[in-house]
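Heads up, final.cif below (mmCIF, C-alpha atoms):
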data_model
loop_
_atom_site.group_PDB
_atom_site.id
_atom_site.type_symbol
_atom_site.label_atom_id
_atom_site.label_comp_id
_atom_site.auth_asym_id
_atom_site.auth_seq_id
_atom_site.Cartn_x
_atom_site.Cartn_y
_atom_site.Cartn_z
ATOM 1 C CA MET B 60 0.000 0.000 0.000
ATOM 2 C CA LYS B 61 2.804 2.406 0.982
ATOM 3 C CA MET B 62 4.677 1.519 -2.213
ATOM 4 C CA ASN B 63 1.612 2.385 -4.327
ATOM 5 C CA ILE B 64 1.284 5.780 -2.618
ATOM 6 C CA VAL B 65 4.980 6.517 -3.182
ATOM 7 C CA GLU B 66 4.763 5.459 -6.840
ATOM 8 C CA ASN B 67 1.735 7.714 -7.380
ATOM 9 C CA ILE B 68 3.496 10.702 -5.804
ATOM 10 C CA VAL B 69 6.645 10.124 -7.882
ATOM 11 C CA SER B 70 4.563 9.756 -11.041
ATOM 12 C CA ARG B 71 2.713 13.032 -10.403
ATOM 13 C CA VAL B 72 5.941 14.895 -9.673
ATOM 14 C CA LEU B 73 7.569 13.623 -12.862
ATOM 15 C CA ASN B 74 4.496 14.449 -14.947
ATOM 16 C CA SER B 75 4.351 17.969 -13.524
ATOM 17 C CA PHE B 76 8.041 18.626 -14.272
ATOM 18 C CA PHE B 77 8.202 16.831 -17.649
ATOM 19 C CA PRO B 78 4.761 17.061 -19.279
ATOM 20 C CA SER B 79 6.149 17.941 -22.697
ATOM 21 C CA PHE B 80 8.530 14.985 -22.616
ATOM 22 C CA GLN B 81 5.655 12.633 -21.816
ATOM 23 C CA LYS B 82 3.506 14.065 -24.613
ATOM 24 C CA GLN B 83 6.384 13.814 -27.061
ATOM 25 C CA GLU B 84 6.900 10.182 -26.124
ATOM 26 C CA GLU B 85 3.195 9.453 -26.678
ATOM 27 C CA MET B 86 3.199 11.201 -30.049
ATOM 28 C CA SER B 87 6.292 9.256 -31.083
ATOM 29 C CA ALA B 88 4.569 5.996 -30.195
ATOM 30 C CA GLU B 89 1.504 7.036 -32.215
ATOM 31 C CA ARG B 90 3.593 7.838 -35.280
ATOM 32 C CA MET B 91 5.677 4.706 -35.092
ATOM 33 C CA PRO B 92 3.459 2.297 -37.119
ATOM 34 C CA GLU B 93 3.003 4.829 -39.916
ATOM 35 C CA GLU B 94 6.724 5.634 -40.049
ATOM 36 C CA ILE B 95 7.798 1.984 -40.078
ATOM 37 C CA ILE B 96 5.227 1.054 -42.732
ATOM 38 C CA THR B 97 6.205 4.026 -44.918
ATOM 39 C CA LYS B 98 9.880 3.096 -44.681
ATOM 40 C CA GLU B 99 9.097 -0.515 -45.567
ATOM 41 C CA LEU B 100 6.971 0.507 -48.561
ATOM 42 C CA ASP B 101 9.660 2.919 -49.824
ATOM 43 C CA SER B 102 12.133 0.046 -49.760
ATOM 44 C CA LEU B 103 9.790 -2.163 -51.803
ATOM 45 C CA TRP B 104 9.155 0.568 -54.381
ATOM 46 C CA GLY B 105 12.921 0.855 -54.697
ATOM 47 C CA LEU B 106 13.013 -2.869 -55.415
ATOM 48 C CA GLN B 107 10.308 -2.445 -58.060
ATOM 49 C CA LYS B 108 12.431 0.178 -59.772
ATOM 50 C CA LYS B 109 15.427 -2.190 -59.723
ATOM 51 C CA LYS B 110 13.271 -4.856 -61.381
ATOM 52 C CA GLU B 111 12.363 -2.413 -64.149
ATOM 53 C CA GLU B 112 16.073 -1.768 -64.667
ATOM 54 C CA GLY B 113 16.813 -5.495 -64.806
ATOM 55 C CA LEU B 114 18.703 -5.503 -61.517
ATOM 56 C CA CYS B 115 16.234 -7.690 -59.618
ATOM 57 C CA SER B 116 14.242 -10.792 -60.579
ATOM 58 C CA GLU B 117 10.491 -11.224 -60.147
ATOM 59 C CA ARG B 118 11.098 -14.091 -57.721
ATOM 60 C CA GLU B 119 13.197 -11.834 -55.485
ATOM 61 C CA CYS B 120 10.489 -9.177 -55.575
ATOM 62 C CA ARG B 121 7.757 -11.697 -54.702
ATOM 63 C CA GLU B 122 9.751 -12.980 -51.742
ATOM 64 C CA ALA B 123 10.536 -9.470 -50.517
ATOM 65 C CA ILE B 124 6.896 -8.320 -50.699
ATOM 66 C CA THR B 125 5.674 -11.503 -48.997
ATOM 67 C CA GLU B 126 8.207 -11.342 -46.156
ATOM 68 C CA SER B 127 7.631 -7.626 -45.637
ATOM 69 C CA PHE B 128 3.856 -8.069 -45.434
ATOM 70 C CA LYS B 129 4.267 -10.931 -42.959
ATOM 71 C CA LYS B 130 6.584 -8.784 -40.844
ATOM 72 C CA MET B 131 4.032 -5.956 -40.719
ATOM 73 C CA GLN B 132 1.360 -8.402 -39.521
ATOM 74 C CA ASP B 133 3.700 -9.684 -36.803
ATOM 75 C CA HIS B 134 4.620 -6.184 -35.618
ATOM 76 C CA PHE B 135 1.241 -4.437 -35.605
ATOM 77 C CA SER B 136 -2.355 -5.148 -34.644
ATOM 78 C CA LYS B 137 -5.030 -5.500 -37.319
ATOM 79 C CA GLU B 138 -6.492 -2.156 -36.220
ATOM 80 C CA GLU B 139 -3.128 -0.431 -36.782
ATOM 81 C CA LEU B 140 -2.707 -2.095 -40.152
ATOM 82 C CA ASN B 141 -6.210 -1.149 -41.278
ATOM 83 C CA SER B 142 -5.870 2.449 -40.091
ATOM 84 C CA ASN B 143 -2.725 2.751 -42.209
ATOM 85 C CA HIS B 144 -4.437 1.121 -45.232
ATOM 86 C CA ILE B 145 -1.751 -1.529 -45.300
ATOM 87 C CA TRP B 146 -3.419 -3.996 -47.682
ATOM 88 C CA PRO B 147 -4.155 -1.586 -50.563
ATOM 89 C CA LYS B 148 -0.615 -0.166 -50.322
ATOM 90 C CA TYR B 149 1.024 -3.586 -50.530
ATOM 91 C CA LEU B 150 -1.455 -4.644 -53.212
ATOM 92 C CA LYS B 151 -0.485 -1.671 -55.378
ATOM 93 C CA ILE B 152 3.206 -2.559 -55.130
ATOM 94 C CA ALA B 153 2.431 -6.201 -55.957
ATOM 95 C CA LEU B 154 0.326 -5.329 -59.011
ATOM 96 C CA TYR B 155 3.018 -3.020 -60.368
ATOM 97 C CA THR B 156 5.836 -5.471 -59.633
ATOM 98 C CA VAL B 157 4.850 -9.126 -60.086
ATOM 99 C CA GLU B 158 2.723 -11.011 -62.571
ATOM 100 C CA GLU B 159 1.217 -13.744 -60.387
ATOM 101 C CA PRO B 160 -0.908 -12.980 -57.287
ATOM 102 C CA ILE B 161 0.883 -13.068 -53.931
ATOM 103 C CA ALA B 162 -0.768 -15.659 -51.703
ATOM 104 C CA GLU B 163 -0.128 -13.727 -48.484
ATOM 105 C CA LEU B 164 -2.217 -10.802 -49.774
ATOM 106 C CA ILE B 165 -5.046 -13.150 -50.785
ATOM 107 C CA GLN B 166 -5.055 -14.927 -47.411
ATOM 108 C CA TYR B 167 -5.272 -11.587 -45.568
ATOM 109 C CA VAL B 168 -8.818 -11.222 -46.964
ATOM 110 C CA LYS B 169 -11.200 -12.619 -44.345
ATOM 111 C CA GLU B 170 -14.896 -12.651 -43.546
ATOM 112 C CA ASP B 171 -14.638 -9.439 -41.510
ATOM 113 C CA ASN B 172 -12.882 -7.370 -44.192
ATOM 114 C CA TYR B 173 -13.553 -8.839 -47.647
ATOM 115 C CA ILE B 174 -16.299 -6.369 -48.612
ATOM 116 C CA VAL B 175 -14.099 -3.347 -47.883
ATOM 117 C CA LEU B 176 -10.972 -4.862 -49.431
ATOM 118 C CA THR B 177 -12.673 -5.975 -52.653
ATOM 119 C CA LYS B 178 -13.895 -2.391 -53.071
ATOM 120 C CA ARG B 179 -10.305 -1.161 -52.596
ATOM 121 C CA PHE B 180 -9.096 -3.683 -55.172
ATOM 122 C CA SER B 181 -11.816 -2.686 -57.625
ATOM 123 C CA ASP B 182 -10.894 1.011 -57.337
ATOM 124 C CA LEU B 183 -7.171 0.303 -57.771
ATOM 125 C CA SER B 184 -7.788 -2.051 -60.694
ATOM 126 C CA ALA B 185 -9.947 0.531 -62.487
ATOM 127 C CA SER B 186 -7.273 3.172 -61.934
ATOM 128 C CA MET B 187 -4.566 0.915 -63.392
ATOM 129 C CA CYS B 188 -6.685 -0.014 -66.409
ATOM 130 C CA ARG B 189 -7.231 3.681 -67.159
ATOM 131 C CA GLU B 190 -3.468 4.050 -67.544
ATOM 132 C CA GLY B 191 -3.831 1.945 -70.671
ATOM 133 C CA GLU B 192 -0.894 -0.442 -70.174
ATOM 134 C CA GLU B 193 -1.860 -3.994 -71.156
ATOM 135 C CA TRP B 194 0.479 -5.594 -68.590
ATOM 136 C CA MET B 195 -1.203 -3.610 -65.794
ATOM 137 C CA LYS B 196 -4.623 -4.866 -66.876
ATOM 138 C CA SER B 197 -3.260 -8.429 -67.016
ATOM 139 C CA HIS B 198 -1.789 -8.232 -63.499
ATOM 140 C CA ALA B 199 -5.040 -6.823 -62.093
ATOM 141 C CA GLU B 200 -7.159 -9.483 -63.831
ATOM 142 C CA ARG B 201 -4.977 -12.311 -62.509
ATOM 143 C CA PHE B 202 -5.181 -10.994 -58.958
ATOM 144 C CA GLY B 203 -8.937 -10.407 -59.261
ATOM 145 C CA LYS B 204 -9.498 -13.997 -60.393
ATOM 146 C CA ALA B 205 -7.536 -15.359 -57.413
ATOM 147 C CA LEU B 206 -9.218 -12.952 -54.982
ATOM 148 C CA TYR B 207 -12.796 -13.683 -56.055
ATOM 149 C CA GLN B 208 -12.206 -17.433 -56.145
ATOM 150 C CA HIS B 209 -10.788 -17.201 -52.615
ATOM 151 C CA ILE B 210 -13.934 -15.379 -51.459
ATOM 152 C CA LEU B 211 -16.302 -17.925 -53.015
ATOM 153 C CA GLU B 212 -14.315 -20.940 -51.802
ATOM 154 C CA GLU B 213 -13.231 -19.778 -48.339
ATOM 155 C CA ILE B 214 -15.539 -16.983 -47.191
ATOM 156 C CA ASN B 215 -18.945 -16.692 -48.865
ATOM 157 C CA PRO B 216 -19.963 -19.126 -51.642
ATOM 158 C CA GLU B 217 -22.995 -16.940 -52.421
ATOM 159 C CA ASP B 218 -21.161 -13.628 -52.803
ATOM 160 C CA VAL B 219 -22.828 -12.079 -55.850
ATOM 161 C CA PRO B 220 -20.130 -9.502 -56.784
ATOM 162 C CA SER B 221 -17.447 -12.217 -56.795
ATOM 163 C CA GLY B 222 -19.574 -14.544 -58.927
ATOM 164 C CA LEU B 223 -20.341 -11.800 -61.434
ATOM 165 C CA ALA B 224 -16.695 -10.682 -61.565
ATOM 166 C CA LEU B 225 -15.516 -14.223 -62.337
ATOM 167 C CA GLY B 226 -18.281 -14.686 -64.890
ATOM 168 C CA ARG B 227 -17.203 -11.508 -66.692
ATOM 169 C CA TYR B 228 -13.531 -12.531 -66.425
ATOM 170 C CA PHE B 229 -14.078 -15.871 -68.191
ATOM 171 C CA GLN B 230 -16.515 -14.323 -70.651
ATOM 172 C CA GLY B 231 -13.826 -11.824 -71.637
ATOM 173 C CA ARG B 232 -11.395 -14.687 -72.229
ATOM 174 C CA GLY B 233 -13.872 -16.537 -74.431
ATOM 175 C CA GLU B 234 -14.320 -19.346 -71.870
ATOM 176 C CA TYR B 235 -18.102 -19.276 -72.107
ATOM 177 C CA ASP B 236 -18.841 -22.542 -70.285
ATOM 178 C CA MET B 237 -16.932 -21.329 -67.227
ATOM 179 C CA ALA B 238 -18.592 -17.929 -67.484
ATOM 180 C CA ARG B 239 -22.044 -19.504 -67.660
ATOM 181 C CA SER B 240 -21.350 -21.684 -64.613
ATOM 182 C CA TYR B 241 -20.580 -18.604 -62.510
ATOM 183 C CA PHE B 242 -23.564 -16.654 -63.824
ATOM 184 C CA GLU B 243 -25.840 -19.612 -63.084
ATOM 185 C CA LYS B 244 -24.525 -19.807 -59.508
ATOM 186 C CA VAL B 245 -25.267 -16.109 -59.092
ATOM 187 C CA VAL B 246 -28.855 -16.595 -60.296
ATOM 188 C CA GLU B 247 -29.241 -19.583 -57.929
ATOM 189 C CA THR B 248 -28.532 -17.340 -54.936
ATOM 190 C CA GLY B 249 -31.963 -15.768 -55.490
ATOM 191 C CA GLN B 250 -30.543 -12.279 -55.011
ATOM 192 C CA LEU B 251 -32.097 -10.917 -58.216
ATOM 193 C CA LEU B 252 -32.216 -7.290 -57.065
ATOM 194 C CA THR B 253 -28.532 -7.364 -56.129
ATOM 195 C CA VAL B 254 -27.667 -8.877 -59.503
ATOM 196 C CA LEU B 255 -29.609 -6.172 -61.361
ATOM 197 C CA ARG B 256 -28.101 -3.406 -59.227
ATOM 198 C CA LEU B 257 -24.575 -4.616 -60.012
ATOM 199 C CA CYS B 258 -25.189 -5.332 -63.697
ATOM 200 C CA LEU B 259 -26.980 -2.129 -64.688
ATOM 201 C CA PRO B 260 -23.927 0.180 -64.353
ATOM 202 C CA VAL B 261 -21.877 -2.218 -66.498
ATOM 203 C CA MET B 262 -24.623 -2.361 -69.131
ATOM 204 C CA LYS B 263 -24.866 1.444 -69.182
ATOM 205 C CA ARG B 264 -21.094 1.804 -69.654
ATOM 206 C CA LYS B 265 -21.080 -0.705 -72.502
ATOM 207 C CA SER B 266 -24.055 1.057 -74.097
ATOM 208 C CA ARG B 267 -22.267 4.414 -73.964
ATOM 209 C CA LEU B 268 -19.122 2.880 -75.479
ATOM 210 C CA PHE B 269 -21.156 1.268 -78.252
ATOM 211 C CA TRP B 270 -22.906 4.504 -79.239
ATOM 212 C CA HIS B 271 -19.639 6.407 -78.988
ATOM 213 C CA LYS B 272 -18.074 4.022 -81.528
ATOM 214 C CA VAL B 273 -21.140 4.303 -83.783
ATOM 215 C CA SER B 274 -21.027 8.105 -83.746
ATOM 216 C CA LYS B 275 -17.300 8.062 -84.555
ATOM 217 C CA LYS B 276 -17.888 5.803 -87.563
ATOM 218 C CA GLN B 277 -20.705 8.001 -88.810
ATOM 219 C CA SER B 278 -18.537 11.103 -88.589
ATOM 220 C CA LEU B 279 -15.837 9.557 -90.825
#

As structure tokens, what does this structure read like?
Amino acid sequence: MKMNIVENIVSRVLNSFFPSFQKQEEMSAERMPEEIITKELDSLWGLQKKKEEGLCSERECREAITESFKKMQDHFSKEELNSNHIWPKYLKIALYTVEEPIAELIQYVKEDNYIVLTKRFSDLSASMCREGEEWMKSHAERFGKALYQHILEEINPEDVPSGLALGRYFQGRGEYDMARSYFEKVVETGQLLTVLRLCLPVMKRKSRLFWHKVSKKQSL
């Protein structure tokens, strides 16, 4: 009891004499995850540049990204990782650096985060495709296929967006039997309104593209 009283008195005295030091220490601790993650990401982007210059192989890049992502998960809580948007940042490096999907990034997608993370992937994929580079589109499509299959097989077999995405992926590749199998599974879920809500924007975009091409031909 006496020791607790003494400790409290000492603590108050120290806090009164060194409040700024205590605050600085707290702020440093708050910044630490962000600083460490930023430093780690900068290192990986440097590796990506070396790969472009032919100084680093794809295998080395894959291993470095995988080990770095594992290290971040060991060091920080999921809340810290999510607040620093860790998955989209590592995903962007992976898509710009390696051809095949990195398993560690796929396995990070769980039941409690897959809806948010698939939206992040969709936004990043659309941004990369707008850049017009065919290899970027190919990398994004490969990762999307692995991601959506992971969701249907491991998380939610009736996830409509994943089923539609895979159906469109195989349809685009001319694999119509595979495409039909995914579209049929989507219909079997009975979520007709969800299907229509997700399909209508795609149909509108394709309609606009079609009429844009028609008007260009007519103007020639």

Closest to Arg121 (chain B) among B:Ser184, B:Asn172, B:Gln107, B:Gln230, using only C-alpha atoms? B:Gln107

Translate the PyMOL selection byres ((chain B and resi 205) around 10) into a concrete residue list for this structure, as a list in words. Glu159, Pro160, Ile161, Ala162, Ile165, Glu200, Arg201, Phe202, Gly203, Lys204, Leu206, Tyr207, Gln208, His209, Ile210 and Leu225 of chain B

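For the atom pair formed by CA of Val168 (chain B) and CA of Lys137 (chain B), the distance is 11.8 Å, given to one decimal.
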
Please give the centre and size of the box around region 120-137 of chain B (axis-aligned, containing every atom listed in the file, 8 Å added per side), with values in Å to one decimal and written as JSON.
{"center_x": 2.8, "center_y": -8.7, "center_z": -45.1, "size_x": 31.6, "size_y": 24.5, "size_z": 36.9}

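Between CA of Glu163 (chain B) and CA of Glu213 (chain B) there is a distance of 14.4 Å.
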
Leaving out Glu111 (chain B) and any residue of its chain fewer than 6 positions from it, which residues lie within 12 Å of it when counting all atoms listed in the file, given as a PyMOL selection string? chain B and resi 104-105+117+120+155-157

Would you kindly place N, CA and C atoms on region 208-241 of chain B and return the model as a CSV table (one decimal), in the coordinates of the input?
chain,number,residue,atom,x,y,z
B,208,GLN,N,-12.1,-16.0,-56.4
B,208,GLN,CA,-12.2,-17.4,-56.1
B,208,GLN,C,-12.0,-17.7,-54.7
B,209,HIS,N,-11.0,-17.0,-54.1
B,209,HIS,CA,-10.8,-17.2,-52.6
B,209,HIS,C,-12.0,-16.9,-51.8
B,210,ILE,N,-12.7,-15.8,-52.2
B,210,ILE,CA,-13.9,-15.4,-51.5
B,210,ILE,C,-15.0,-16.4,-51.6
B,211,LEU,N,-15.2,-16.9,-52.8
B,211,LEU,CA,-16.3,-17.9,-53.0
B,211,LEU,C,-16.0,-19.3,-52.4
B,212,GLU,N,-14.7,-19.6,-52.3
B,212,GLU,CA,-14.3,-20.9,-51.8
B,212,GLU,C,-14.1,-20.9,-50.3
B,213,GLU,N,-13.6,-19.8,-49.7
B,213,GLU,CA,-13.2,-19.8,-48.3
B,213,GLU,C,-14.1,-18.9,-47.4
B,214,ILE,N,-14.8,-18.0,-48.0
B,214,ILE,CA,-15.5,-17.0,-47.2
B,214,ILE,C,-17.0,-17.0,-47.4
B,215,ASN,N,-17.5,-16.8,-48.6
B,215,ASN,CA,-18.9,-16.7,-48.9
B,215,ASN,C,-19.3,-17.3,-50.3
B,216,PRO,N,-19.7,-18.5,-50.3
B,216,PRO,CA,-20.0,-19.1,-51.6
B,216,PRO,C,-21.1,-18.5,-52.4
B,217,GLU,N,-21.9,-17.6,-51.7
B,217,GLU,CA,-23.0,-16.9,-52.4
B,217,GLU,C,-22.7,-15.4,-52.6
B,218,ASP,N,-21.5,-15.0,-52.6
B,218,ASP,CA,-21.2,-13.6,-52.8
B,218,ASP,C,-21.4,-13.3,-54.3
B,219,VAL,N,-22.4,-12.4,-54.5
B,219,VAL,CA,-22.8,-12.1,-55.8
B,219,VAL,C,-21.8,-11.3,-56.6
B,220,PRO,N,-21.2,-10.2,-56.0
B,220,PRO,CA,-20.1,-9.5,-56.8
B,220,PRO,C,-19.0,-10.4,-57.3
B,221,SER,N,-18.6,-11.3,-56.4
B,221,SER,CA,-17.4,-12.2,-56.8
B,221,SER,C,-17.9,-13.1,-57.9
B,222,GLY,N,-19.1,-13.7,-57.9
B,222,GLY,CA,-19.6,-14.5,-58.9
B,222,GLY,C,-19.7,-13.8,-60.3
B,223,LEU,N,-20.2,-12.6,-60.2
B,223,LEU,CA,-20.3,-11.8,-61.4
B,223,LEU,C,-19.0,-11.4,-62.0
B,224,ALA,N,-18.0,-11.1,-61.1
B,224,ALA,CA,-16.7,-10.7,-61.6
B,224,ALA,C,-16.0,-11.8,-62.3
B,225,LEU,N,-16.1,-13.0,-61.7
B,225,LEU,CA,-15.5,-14.2,-62.3
B,225,LEU,C,-16.2,-14.6,-63.6
B,226,GLY,N,-17.5,-14.4,-63.7
B,226,GLY,CA,-18.3,-14.7,-64.9
B,226,GLY,C,-17.8,-13.8,-66.0
B,227,ARG,N,-17.7,-12.5,-65.7
B,227,ARG,CA,-17.2,-11.5,-66.7
B,227,ARG,C,-15.8,-11.8,-67.1
B,228,TYR,N,-14.9,-12.2,-66.1
B,228,TYR,CA,-13.5,-12.5,-66.4
B,228,TYR,C,-13.4,-13.6,-67.5
B,229,PHE,N,-14.1,-14.7,-67.3
B,229,PHE,CA,-14.1,-15.9,-68.2
B,229,PHE,C,-14.8,-15.6,-69.5
B,230,GLN,N,-15.8,-14.7,-69.4
B,230,GLN,CA,-16.5,-14.3,-70.7
B,230,GLN,C,-15.6,-13.5,-71.5
B,231,GLY,N,-14.8,-12.6,-70.9
B,231,GLY,CA,-13.8,-11.8,-71.6
B,231,GLY,C,-12.7,-12.6,-72.3
B,232,ARG,N,-12.4,-13.8,-71.7
B,232,ARG,CA,-11.4,-14.7,-72.2
B,232,ARG,C,-12.0,-15.7,-73.2
B,233,GLY,N,-13.3,-15.6,-73.5
B,233,GLY,CA,-13.9,-16.5,-74.4
B,233,GLY,C,-14.2,-17.9,-73.9
B,234,GLU,N,-14.0,-18.1,-72.5
B,234,GLU,CA,-14.3,-19.3,-71.9
B,234,GLU,C,-15.8,-19.3,-71.4
B,235,TYR,N,-16.7,-19.5,-72.4
B,235,TYR,CA,-18.1,-19.3,-72.1
B,235,TYR,C,-18.7,-20.3,-71.2
B,236,ASP,N,-18.3,-21.5,-71.2
B,236,ASP,CA,-18.8,-22.5,-70.3
B,236,ASP,C,-18.5,-22.2,-68.8
B,237,MET,N,-17.3,-21.8,-68.6
B,237,MET,CA,-16.9,-21.3,-67.2
B,237,MET,C,-17.7,-20.1,-66.8
B,238,ALA,N,-17.8,-19.2,-67.8
B,238,ALA,CA,-18.6,-17.9,-67.5
B,238,ALA,C,-20.0,-18.3,-67.1
B,239,ARG,N,-20.7,-19.1,-67.9
B,239,ARG,CA,-22.0,-19.5,-67.7
B,239,ARG,C,-22.2,-20.2,-66.3
B,240,SER,N,-21.2,-21.0,-65.9
B,240,SER,CA,-21.4,-21.7,-64.6
B,240,SER,C,-21.4,-20.7,-63.5
B,241,TYR,N,-20.6,-19.6,-63.6
B,241,TYR,CA,-20.6,-18.6,-62.5
B,241,TYR,C,-21.9,-17.8,-62.5
